[in-house]
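*Asks:* What follows is entry_18.pdb; its format and atoms are PDB, C-alpha atoms and all ligand atoms.
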```pdb
ATOM      1  CA  MET Q  15      12.955  61.238 176.777
ATOM      2  CA  ASN Q  16      15.812  63.663 176.806
ATOM      3  CA  THR Q  17      15.609  66.921 174.855
ATOM      4  CA  LEU Q  18      17.401  65.647 171.757
ATOM      5  CA  GLU Q  19      15.149  62.584 171.618
ATOM      6  CA  VAL Q  20      12.036  64.763 171.846
ATOM      7  CA  ILE Q  21      13.337  67.027 169.071
ATOM      8  CA  SER Q  22      13.954  63.994 166.817
ATOM      9  CA  LYS Q  23      10.650  62.317 167.621
ATOM     10  CA  ARG Q  24       8.439  65.367 167.026
ATOM     11  CA  ARG Q  25       6.415  64.930 163.857
ATOM     12  CA  SER Q  26       3.199  66.531 162.644
ATOM     13  CA  ILE Q  27       0.316  64.344 163.786
ATOM     14  CA  ARG Q  28      -2.921  64.773 161.844
ATOM     15  CA  GLN Q  29      -4.828  61.657 162.854
ATOM     16  CA  TYR Q  30      -6.298  61.380 166.300
ATOM     17  CA  LYS Q  31      -8.142  58.765 168.281
ATOM     18  CA  PRO Q  32     -10.996  59.647 170.647
ATOM     19  CA  GLY Q  33      -9.950  60.814 174.085
ATOM     20  CA  GLU Q  34      -9.382  63.924 176.097
ATOM     21  CA  ILE Q  35      -6.223  65.830 176.855
ATOM     22  CA  SER Q  36      -6.491  66.891 180.498
ATOM     23  CA  GLN Q  37      -6.538  70.558 181.439
ATOM     24  CA  GLN Q  38      -3.437  69.838 183.507
ATOM     25  CA  LYS Q  39      -1.577  68.748 180.355
ATOM     26  CA  ILE Q  40      -2.807  71.783 178.414
ATOM     27  CA  GLU Q  41      -1.378  73.940 181.173
ATOM     28  CA  ILE Q  42       1.958  72.132 180.901
ATOM     29  CA  LEU Q  43       1.960  72.980 177.177
ATOM     30  CA  LEU Q  44       1.179  76.625 177.902
ATOM     31  CA  LYS Q  45       3.869  76.766 180.553
ATOM     32  CA  ALA Q  46       6.348  75.340 178.028
ATOM     33  CA  ALA Q  47       5.224  77.980 175.529
ATOM     34  CA  MET Q  48       5.823  80.782 177.991
ATOM     35  CA  SER Q  49       9.296  79.461 178.791
ATOM     36  CA  ALA Q  50      10.471  80.429 175.310
ATOM     37  CA  PRO Q  51      12.893  83.281 174.759
ATOM     38  CA  THR Q  52      11.541  86.627 173.521
ATOM     39  CA  ALA Q  53      13.221  89.781 172.285
ATOM     40  CA  ARG Q  54      13.870  92.064 175.280
ATOM     41  CA  ASN Q  55      11.849  89.529 177.277
ATOM     42  CA  CYS Q  56       8.635  91.165 176.034
ATOM     43  CA  GLN Q  57       6.593  87.927 176.227
ATOM     44  CA  GLU Q  58       4.075  89.419 173.817
ATOM     45  CA  TRP Q  59       2.331  86.099 173.250
ATOM     46  CA  GLU Q  60      -1.342  85.405 173.835
ATOM     47  CA  PHE Q  61      -2.960  81.955 173.580
ATOM     48  CA  VAL Q  62      -6.554  81.091 172.781
ATOM     49  CA  VAL Q  63      -7.451  77.560 173.875
ATOM     50  CA  VAL Q  64     -10.443  76.140 172.013
ATOM     51  CA  ARG Q  65     -12.249  72.865 172.683
ATOM     52  CA  ASP Q  66     -15.651  73.645 171.161
ATOM     53  CA  LYS Q  67     -16.247  71.346 168.144
ATOM     54  CA  ASN Q  68     -18.472  73.950 166.566
ATOM     55  CA  MET Q  69     -15.554  76.373 166.611
ATOM     56  CA  PHE Q  70     -13.362  73.703 164.994
ATOM     57  CA  LYS Q  71     -15.904  73.503 162.161
ATOM     58  CA  LYS Q  72     -15.687  77.251 161.640
ATOM     59  CA  MET Q  73     -11.892  77.109 161.703
ATOM     60  CA  MET Q  74     -11.969  74.426 159.009
ATOM     61  CA  GLU Q  75     -14.033  76.793 156.847
ATOM     62  CA  ILE Q  76     -11.415  79.510 157.319
ATOM     63  CA  HIS Q  77      -8.321  77.311 156.951
ATOM     64  CA  PRO Q  78      -8.152  75.067 153.865
ATOM     65  CA  TYR Q  79      -5.556  72.671 155.324
ATOM     66  CA  ALA Q  80      -7.027  72.069 158.755
ATOM     67  CA  ARG Q  81      -9.218  69.000 158.162
ATOM     68  CA  MET Q  82      -7.563  67.191 161.058
ATOM     69  CA  LEU Q  83      -9.457  69.506 163.429
ATOM     70  CA  GLU Q  84     -12.504  67.341 162.801
ATOM     71  CA  HIS Q  85     -11.042  64.752 165.181
ATOM     72  CA  ALA Q  86      -8.897  67.035 167.329
ATOM     73  CA  ASP Q  87      -9.549  67.400 171.039
ATOM     74  CA  CYS Q  88      -8.117  70.849 171.514
ATOM     75  CA  ALA Q  89      -6.648  73.727 169.533
ATOM     76  CA  ILE Q  90      -4.310  76.426 170.735
ATOM     77  CA  ILE Q  91      -4.159  79.573 168.650
ATOM     78  CA  VAL Q  92      -0.819  81.266 169.219
ATOM     79  CA  CYS Q  93      -1.098  85.022 168.823
ATOM     80  CA  GLY Q  94       1.211  88.005 169.054
ATOM     81  CA  ASN Q  95       0.241  91.126 170.967
ATOM     82  CA  THR Q  96       1.759  93.840 168.789
ATOM     83  CA  GLN Q  97       1.250  96.438 171.524
ATOM     84  CA  ARG Q  98       3.778  94.631 173.670
ATOM     85  CA  GLU Q  99       6.488  93.669 171.183
ATOM     86  CA  HIS Q 100       9.989  95.139 171.315
ATOM     87  CA  ALA Q 101       9.807  96.477 167.739
ATOM     88  CA  PRO Q 102       7.507  95.803 164.777
ATOM     89  CA  GLY Q 103       7.736  92.210 163.616
ATOM     90  CA  TYR Q 104       9.385  90.661 166.664
ATOM     91  CA  TRP Q 105       6.140  88.956 167.638
ATOM     92  CA  LEU Q 106       6.671  86.484 164.803
ATOM     93  CA  ALA Q 107       9.974  85.117 166.059
ATOM     94  CA  ASP Q 108       8.870  85.171 169.686
ATOM     95  CA  CYS Q 109       5.578  83.374 169.045
ATOM     96  CA  GLY Q 110       7.351  80.915 166.721
ATOM     97  CA  ALA Q 111       9.674  79.942 169.572
ATOM     98  CA  ALA Q 112       6.661  79.520 171.880
ATOM     99  CA  THR Q 113       4.956  77.351 169.269
ATOM    100  CA  GLN Q 114       7.931  75.040 168.926
ATOM    101  CA  ASN Q 115       8.022  74.640 172.713
ATOM    102  CA  ILE Q 116       4.367  73.559 172.632
ATOM    103  CA  LEU Q 117       5.081  71.002 169.888
ATOM    104  CA  LEU Q 118       8.036  69.585 171.793
ATOM    105  CA  ALA Q 119       6.215  69.454 175.125
ATOM    106  CA  ALA Q 120       3.279  67.724 173.395
ATOM    107  CA  THR Q 121       5.668  65.109 172.005
ATOM    108  CA  GLU Q 122       7.041  64.480 175.478
ATOM    109  CA  LEU Q 123       3.504  64.066 176.868
ATOM    110  CA  GLY Q 124       2.411  61.688 174.092
ATOM    111  CA  ILE Q 125       0.046  64.261 172.564
ATOM    112  CA  GLY Q 126      -0.206  64.536 168.771
ATOM    113  CA  SER Q 127       0.215  68.053 167.402
ATOM    114  CA  VAL Q 128       0.525  69.939 164.161
ATOM    115  CA  TRP Q 129       1.275  73.599 163.390
ATOM    116  CA  LEU Q 130      -1.319  75.031 161.002
ATOM    117  CA  GLY Q 131      -0.004  78.199 159.432
ATOM    118  CA  VAL Q 132      -2.189  81.301 159.623
ATOM    119  CA  TYR Q 133       0.201  84.278 159.324
ATOM    120  CA  PRO Q 134       0.985  85.716 156.736
ATOM    121  CA  ASN Q 135      -2.181  84.597 154.920
ATOM    122  CA  GLN Q 136      -4.397  87.666 155.301
ATOM    123  CA  GLU Q 137      -7.631  85.801 154.632
ATOM    124  CA  ARG Q 138      -6.920  83.235 157.350
ATOM    125  CA  MET Q 139      -5.787  85.945 159.760
ATOM    126  CA  ASP Q 140      -8.923  88.008 159.172
ATOM    127  CA  GLY Q 141     -11.226  84.997 159.422
ATOM    128  CA  LEU Q 142      -9.661  83.731 162.621
ATOM    129  CA  SER Q 143      -9.493  87.198 164.179
ATOM    130  CA  ARG Q 144     -13.214  87.642 163.571
ATOM    131  CA  LEU Q 145     -14.077  84.163 164.843
ATOM    132  CA  LEU Q 146     -12.048  84.515 168.036
ATOM    133  CA  LYS Q 147     -12.895  88.206 168.518
ATOM    134  CA  LEU Q 148      -9.234  89.156 168.680
ATOM    135  CA  PRO Q 149      -8.482  92.838 169.273
ATOM    136  CA  GLU Q 150      -7.025  94.529 166.188
ATOM    137  CA  TYR Q 151      -3.519  94.620 167.731
ATOM    138  CA  VAL Q 152      -3.469  90.847 168.373
ATOM    139  CA  LYS Q 153      -2.290  88.782 165.372
ATOM    140  CA  PRO Q 154      -2.839  85.037 165.020
ATOM    141  CA  LEU Q 155       0.315  83.157 163.997
ATOM    142  CA  ASN Q 156      -1.059  79.636 163.816
ATOM    143  CA  ILE Q 157      -3.506  77.068 165.064
ATOM    144  CA  ILE Q 158      -1.936  74.134 166.883
ATOM    145  CA  SER Q 159      -4.183  71.119 166.501
ATOM    146  CA  LEU Q 160      -3.918  68.644 169.388
ATOM    147  CA  GLY Q 161      -5.258  65.154 169.973
ATOM    148  CA  LEU Q 162      -4.360  61.670 171.069
ATOM    149  CA  PRO Q 163      -2.169  60.300 168.274
ATOM    150  CA  ALA Q 164      -3.612  57.691 165.921
ATOM    151  CA  GLU Q 165      -0.520  57.712 163.720
ATOM    152  CA  HIS Q 166       3.119  57.327 164.623
ATOM    153  CA  PRO Q 167       5.302  58.584 161.793
ATOM    154  CA  ALA Q 168       8.938  57.573 161.986
ATOM    155  CA  GLU Q 169      11.694  59.972 162.880
ATOM    156  CA  VAL Q 170      13.342  61.657 159.903
ATOM    157  CA  ASP Q 171      16.910  62.807 159.612
ATOM    158  CA  ARG Q 172      16.932  66.044 157.641
ATOM    159  CA  PHE Q 173      20.479  67.022 158.424
ATOM    160  CA  ASP Q 174      22.016  68.375 155.238
ATOM    161  CA  PRO Q 175      25.645  69.478 155.456
ATOM    162  CA  ALA Q 176      25.187  71.491 152.237
ATOM    163  CA  LYS Q 177      22.972  73.918 154.178
ATOM    164  CA  VAL Q 178      25.704  74.729 156.659
ATOM    165  CA  HIS Q 179      28.206  77.495 155.970
ATOM    166  CA  TYR Q 180      31.171  77.922 158.232
ATOM    167  CA  GLU Q 181      32.560  81.403 158.784
ATOM    168  CA  LEU Q 182      31.415  82.720 155.362
ATOM    169  CA  TRP Q 183      28.874  81.636 152.730
TER     170      TRP Q 183
HETATM  171  C1  LIG Q 201       4.632  77.704 159.249
HETATM  172  C2  LIG Q 201       4.056  76.316 159.128
HETATM  173  C3  LIG Q 201       2.813  76.165 158.542
HETATM  174  C4  LIG Q 201       2.244  74.885 158.441
HETATM  175  N1  LIG Q 201       0.966  74.774 157.953
HETATM  176  C5  LIG Q 201       0.384  73.555 157.907
HETATM  177  C6  LIG Q 201      -0.963  73.429 157.495
HETATM  178  O1  LIG Q 201      -1.635  74.401 157.175
HETATM  179  N2  LIG Q 201      -1.519  72.188 157.473
HETATM  180  C7  LIG Q 201      -0.805  71.078 157.830
HETATM  181  O2  LIG Q 201      -1.371  69.971 157.784
HETATM  182  N3  LIG Q 201       0.499  71.160 158.234
HETATM  183  C8  LIG Q 201       1.098  72.368 158.289
HETATM  184  N4  LIG Q 201       2.395  72.488 158.733
HETATM  185  C9  LIG Q 201       3.165  71.288 159.105
HETATM  186  C10 LIG Q 201       4.196  70.946 158.027
HETATM  187  O3  LIG Q 201       3.541  70.438 156.894
HETATM  188  C11 LIG Q 201       5.195  69.929 158.604
HETATM  189  O4  LIG Q 201       5.867  70.489 159.700
HETATM  190  C12 LIG Q 201       6.241  69.500 157.569
HETATM  191  O5  LIG Q 201       5.630  68.800 156.518
HETATM  192  C13 LIG Q 201       7.337  68.628 158.173
HETATM  193  O6  LIG Q 201       6.772  67.472 158.755
HETATM  194  P1  LIG Q 201       6.960  67.140 160.315
HETATM  195  O7  LIG Q 201       6.333  68.258 161.097
HETATM  196  O8  LIG Q 201       6.221  65.844 160.524
HETATM  197  O9  LIG Q 201       8.413  67.023 160.620
HETATM  198  C14 LIG Q 201       2.976  73.745 158.860
HETATM  199  C15 LIG Q 201       4.233  73.912 159.443
HETATM  200  C16 LIG Q 201       4.765  75.185 159.600
HETATM  201  C17 LIG Q 201       6.102  75.354 160.296
END
```
With the file now loaded, output its structure as structure tokens.
Ligand SMILES: Cc1cc2nc3c(=O)[nH]c(=O)nc-3n(C[C@H](O)[C@H](O)[C@H](O)COP(=O)(O)O)c2cc1C
*Replies:*
Amino acid sequence: MNTLEVISKRRSIRQYKPGEISQQKIEILLKAAMSAPTARNCQEWEFVVVRDKNMFKKMMEIHPYARMLEHADCAIIVCGNTQREHAPGYWLADCGAATQNILLAATELGIGSVWLGVYPNQERMDGLSRLLKLPEYVKPLNIISLGLPAEHPAEVDRFDPAKVHYELW
């Protein structure tokens, strides 16, 4: 697929069939993540890769909209290291760009993925930080749930010319 095809085909996949995503493919996803742009090239991202089903259970207790983890094969928690960011708050944009790269690379590799929002929900952030033993200066942005897709939602065209403003609002 070319880049534009991958962008169009990416959808949130919440149903998975049994099967493993190889470590090699996980590393391709992480490499894609770390190819993203960051402010001042700070690369303040950190990634926690989780495969333990027991941990998935605990994540489902922390996150109310993460039921798909029950059948997921792997989860990547994208975090921002606030000690390394260019200025307060930049970690959000930088880790968001890394997340999108993971979702797109997963689409290319035939892996189902969905972004599960953690930041700015304080309860989810606290719960996940405790579970994963994150240092205080490392903030979890999301959980990316990954598995072999058992659903194939169609592409959607969300282009809305009314949202585009040329030159001035
Ligand atoms: C910041 C953010 C938080 C999200 N949180 C959740 C979530 O908690 N649970 C979930 O099932 N999907 C979550 N999603 C996925 C969205 O529901 C999904 O992207 C949206 O409905 C559009 O569908 P699509 O991804 O298939 O294009 C989240 C997406 C983003 C960007």
*Asks:* Using all atoms listed in the file, pick whichever of Q:Gly94, Q:Pro175, Q:Pro51, Q:Gly110 has the shortest atom-to-atom distance to Leu130 in chain Q.
*Replies:*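 Using all atoms listed in the file, Leu130 in chain Q sits closest to Q:Gly110.
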*Asks:* Could you pull out the residues sitting within 7 Å of ligand LIG 201 (chain Q), using only C-alpha atoms and all ligand atoms, and write them as JSON, numbers by chain?
*Replies:* {"Q": [24, 25, 26, 27, 28, 79, 80, 128, 129, 130, 131]}
*Asks:* Please compute the CA of Leu182 in chain Q-CA of Ala53 in chain Q distance, one decimal, in Å.
*Replies:*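 Distance reported for this atom pair: 25.8 Å.
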*Asks:* Let me know the residues the PyMOL selection byres (((chain Q and resi 15) around 12) and not hetatm) catches in the file above, as a list of chain:residue names.
*Replies:* Q:Asn16, Q:Thr17, Q:Leu18, Q:Glu19, Q:Val20, Q:Ile21, Q:Ser22, Q:Lys23, Q:Arg24, Q:Leu118, Q:Ala119, Q:Thr121, Q:Glu122, Q:Leu123, Q:Gly124
*Asks:* Could you list, as a ChimeraX atom specification, every residue within 10 Å of Gln57 in chain Q, counting only C-alpha atoms and ignoring same-chain residues fewer than 2 positions away?
*Replies:* /Q:48-55,59-60,94-95,98-100,105,108-109,112
*Asks:* Can you translate the PyMOL selection byres (((chain Q and resi 149) around 12) and not hetatm) into the concrete residues it hits in this file, as a ChimeraX atom specification?
*Replies:* /Q:60,93-97,140,142-148,150-154
*Asks:* With distances taken over all atoms listed in the file, which of Q:Gly141, Q:Gly103, Q:Pro32, Q:Pro163 is nearest to Met74 in chain Q?
*Replies:* Q:Gly141
*Asks:* Selected by the PyMOL selection byres (((chain Q and resi 70) around 12) and not hetatm) in the shown coordinates: which residues, as a PyMOL selection string?
*Replies:* chain Q and resi 63-69+71-77+80-91+142+145-146+157-160
*Asks:* What does the structure give for the distance between CA of Leu106 in chain Q and CA of Leu155 in chain Q, in Å to one decimal?
*Replies:* 7.2 Å
*Asks:* Quick one, how far is CA of Ile40 in chain Q from CA of Ala107 in chain Q?
*Replies:*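 One can read the CA of Ile40 in chain Q to CA of Ala107 in chain Q distance as 22.2 Å.
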*Asks:* With 6 Å of padding per side, what axis-aligned box (centre and edge lengths, Å, one decimal) covers all the listed atoms of range 141-157 of chain Q? Give it as lines of an AutoDock Vina configuration file.
*Replies:*
```
center_x = -6.9
center_y = 85.8
center_z = 164.3
size_x = 26.4
size_y = 29.6
size_z = 21.9
```
*Asks:* Can you give me N, CA and C atoms for range 127-144 of chain Q, written as a PDB file, keeping the file's coordinate frame?
*Replies:*
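Saved as rebuild.pdb:
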```pdb
ATOM      1  N   SER Q 127       0.392  66.624 167.683  1.00  0.00           N
ATOM      2  CA  SER Q 127       0.215  68.053 167.402  1.00  0.00           C
ATOM      3  C   SER Q 127       0.641  68.373 165.980  1.00  0.00           C
ATOM      4  N   VAL Q 128       0.059  69.424 165.453  1.00  0.00           N
ATOM      5  CA  VAL Q 128       0.525  69.939 164.161  1.00  0.00           C
ATOM      6  C   VAL Q 128       0.315  71.445 164.126  1.00  0.00           C
ATOM      7  N   TRP Q 129       1.283  72.125 163.569  1.00  0.00           N
ATOM      8  CA  TRP Q 129       1.275  73.599 163.390  1.00  0.00           C
ATOM      9  C   TRP Q 129       0.527  73.885 162.105  1.00  0.00           C
ATOM     10  N   LEU Q 130      -0.555  74.642 162.189  1.00  0.00           N
ATOM     11  CA  LEU Q 130      -1.319  75.031 161.002  1.00  0.00           C
ATOM     12  C   LEU Q 130      -1.085  76.517 160.764  1.00  0.00           C
ATOM     13  N   GLY Q 131      -0.408  76.817 159.687  1.00  0.00           N
ATOM     14  CA  GLY Q 131      -0.004  78.199 159.432  1.00  0.00           C
ATOM     15  C   GLY Q 131      -1.185  79.121 159.184  1.00  0.00           C
ATOM     16  N   VAL Q 132      -1.156  80.271 159.835  1.00  0.00           N
ATOM     17  CA  VAL Q 132      -2.189  81.301 159.623  1.00  0.00           C
ATOM     18  C   VAL Q 132      -1.500  82.555 159.058  1.00  0.00           C
ATOM     19  N   TYR Q 133      -0.603  83.173 159.833  1.00  0.00           N
ATOM     20  CA  TYR Q 133       0.201  84.278 159.324  1.00  0.00           C
ATOM     21  C   TYR Q 133       1.159  83.714 158.268  1.00  0.00           C
ATOM     22  N   PRO Q 134       1.400  84.368 157.137  1.00  0.00           N
ATOM     23  CA  PRO Q 134       0.985  85.716 156.736  1.00  0.00           C
ATOM     24  C   PRO Q 134      -0.235  85.722 155.813  1.00  0.00           C
ATOM     25  N   ASN Q 135      -1.016  84.647 155.803  1.00  0.00           N
ATOM     26  CA  ASN Q 135      -2.181  84.597 154.920  1.00  0.00           C
ATOM     27  C   ASN Q 135      -3.276  85.524 155.477  1.00  0.00           C
ATOM     28  N   GLN Q 136      -3.503  86.627 154.784  1.00  0.00           N
ATOM     29  CA  GLN Q 136      -4.397  87.666 155.301  1.00  0.00           C
ATOM     30  C   GLN Q 136      -5.823  87.150 155.492  1.00  0.00           C
ATOM     31  N   GLU Q 137      -6.261  86.324 154.548  1.00  0.00           N
ATOM     32  CA  GLU Q 137      -7.631  85.801 154.632  1.00  0.00           C
ATOM     33  C   GLU Q 137      -7.822  84.952 155.902  1.00  0.00           C
ATOM     34  N   ARG Q 138      -6.844  84.086 156.146  1.00  0.00           N
ATOM     35  CA  ARG Q 138      -6.920  83.235 157.350  1.00  0.00           C
ATOM     36  C   ARG Q 138      -6.820  84.076 158.610  1.00  0.00           C
ATOM     37  N   MET Q 139      -5.936  85.081 158.579  1.00  0.00           N
ATOM     38  CA  MET Q 139      -5.787  85.945 159.760  1.00  0.00           C
ATOM     39  C   MET Q 139      -7.082  86.702 160.045  1.00  0.00           C
ATOM     40  N   ASP Q 140      -7.680  87.243 158.989  1.00  0.00           N
ATOM     41  CA  ASP Q 140      -8.923  88.008 159.172  1.00  0.00           C
ATOM     42  C   ASP Q 140     -10.041  87.099 159.675  1.00  0.00           C
ATOM     43  N   GLY Q 141     -10.158  85.927 159.049  1.00  0.00           N
ATOM     44  CA  GLY Q 141     -11.226  84.997 159.422  1.00  0.00           C
ATOM     45  C   GLY Q 141     -11.107  84.559 160.871  1.00  0.00           C
ATOM     46  N   LEU Q 142      -9.891  84.217 161.260  1.00  0.00           N
ATOM     47  CA  LEU Q 142      -9.661  83.731 162.621  1.00  0.00           C
ATOM     48  C   LEU Q 142      -9.830  84.865 163.640  1.00  0.00           C
ATOM     49  N   SER Q 143      -9.371  86.047 163.272  1.00  0.00           N
ATOM     50  CA  SER Q 143      -9.493  87.198 164.179  1.00  0.00           C
ATOM     51  C   SER Q 143     -10.961  87.498 164.454  1.00  0.00           C
ATOM     52  N   ARG Q 144     -11.761  87.406 163.390  1.00  0.00           N
ATOM     53  CA  ARG Q 144     -13.214  87.642 163.571  1.00  0.00           C
ATOM     54  C   ARG Q 144     -13.826  86.554 164.447  1.00  0.00           C
TER      55      ARG Q 144
END
```
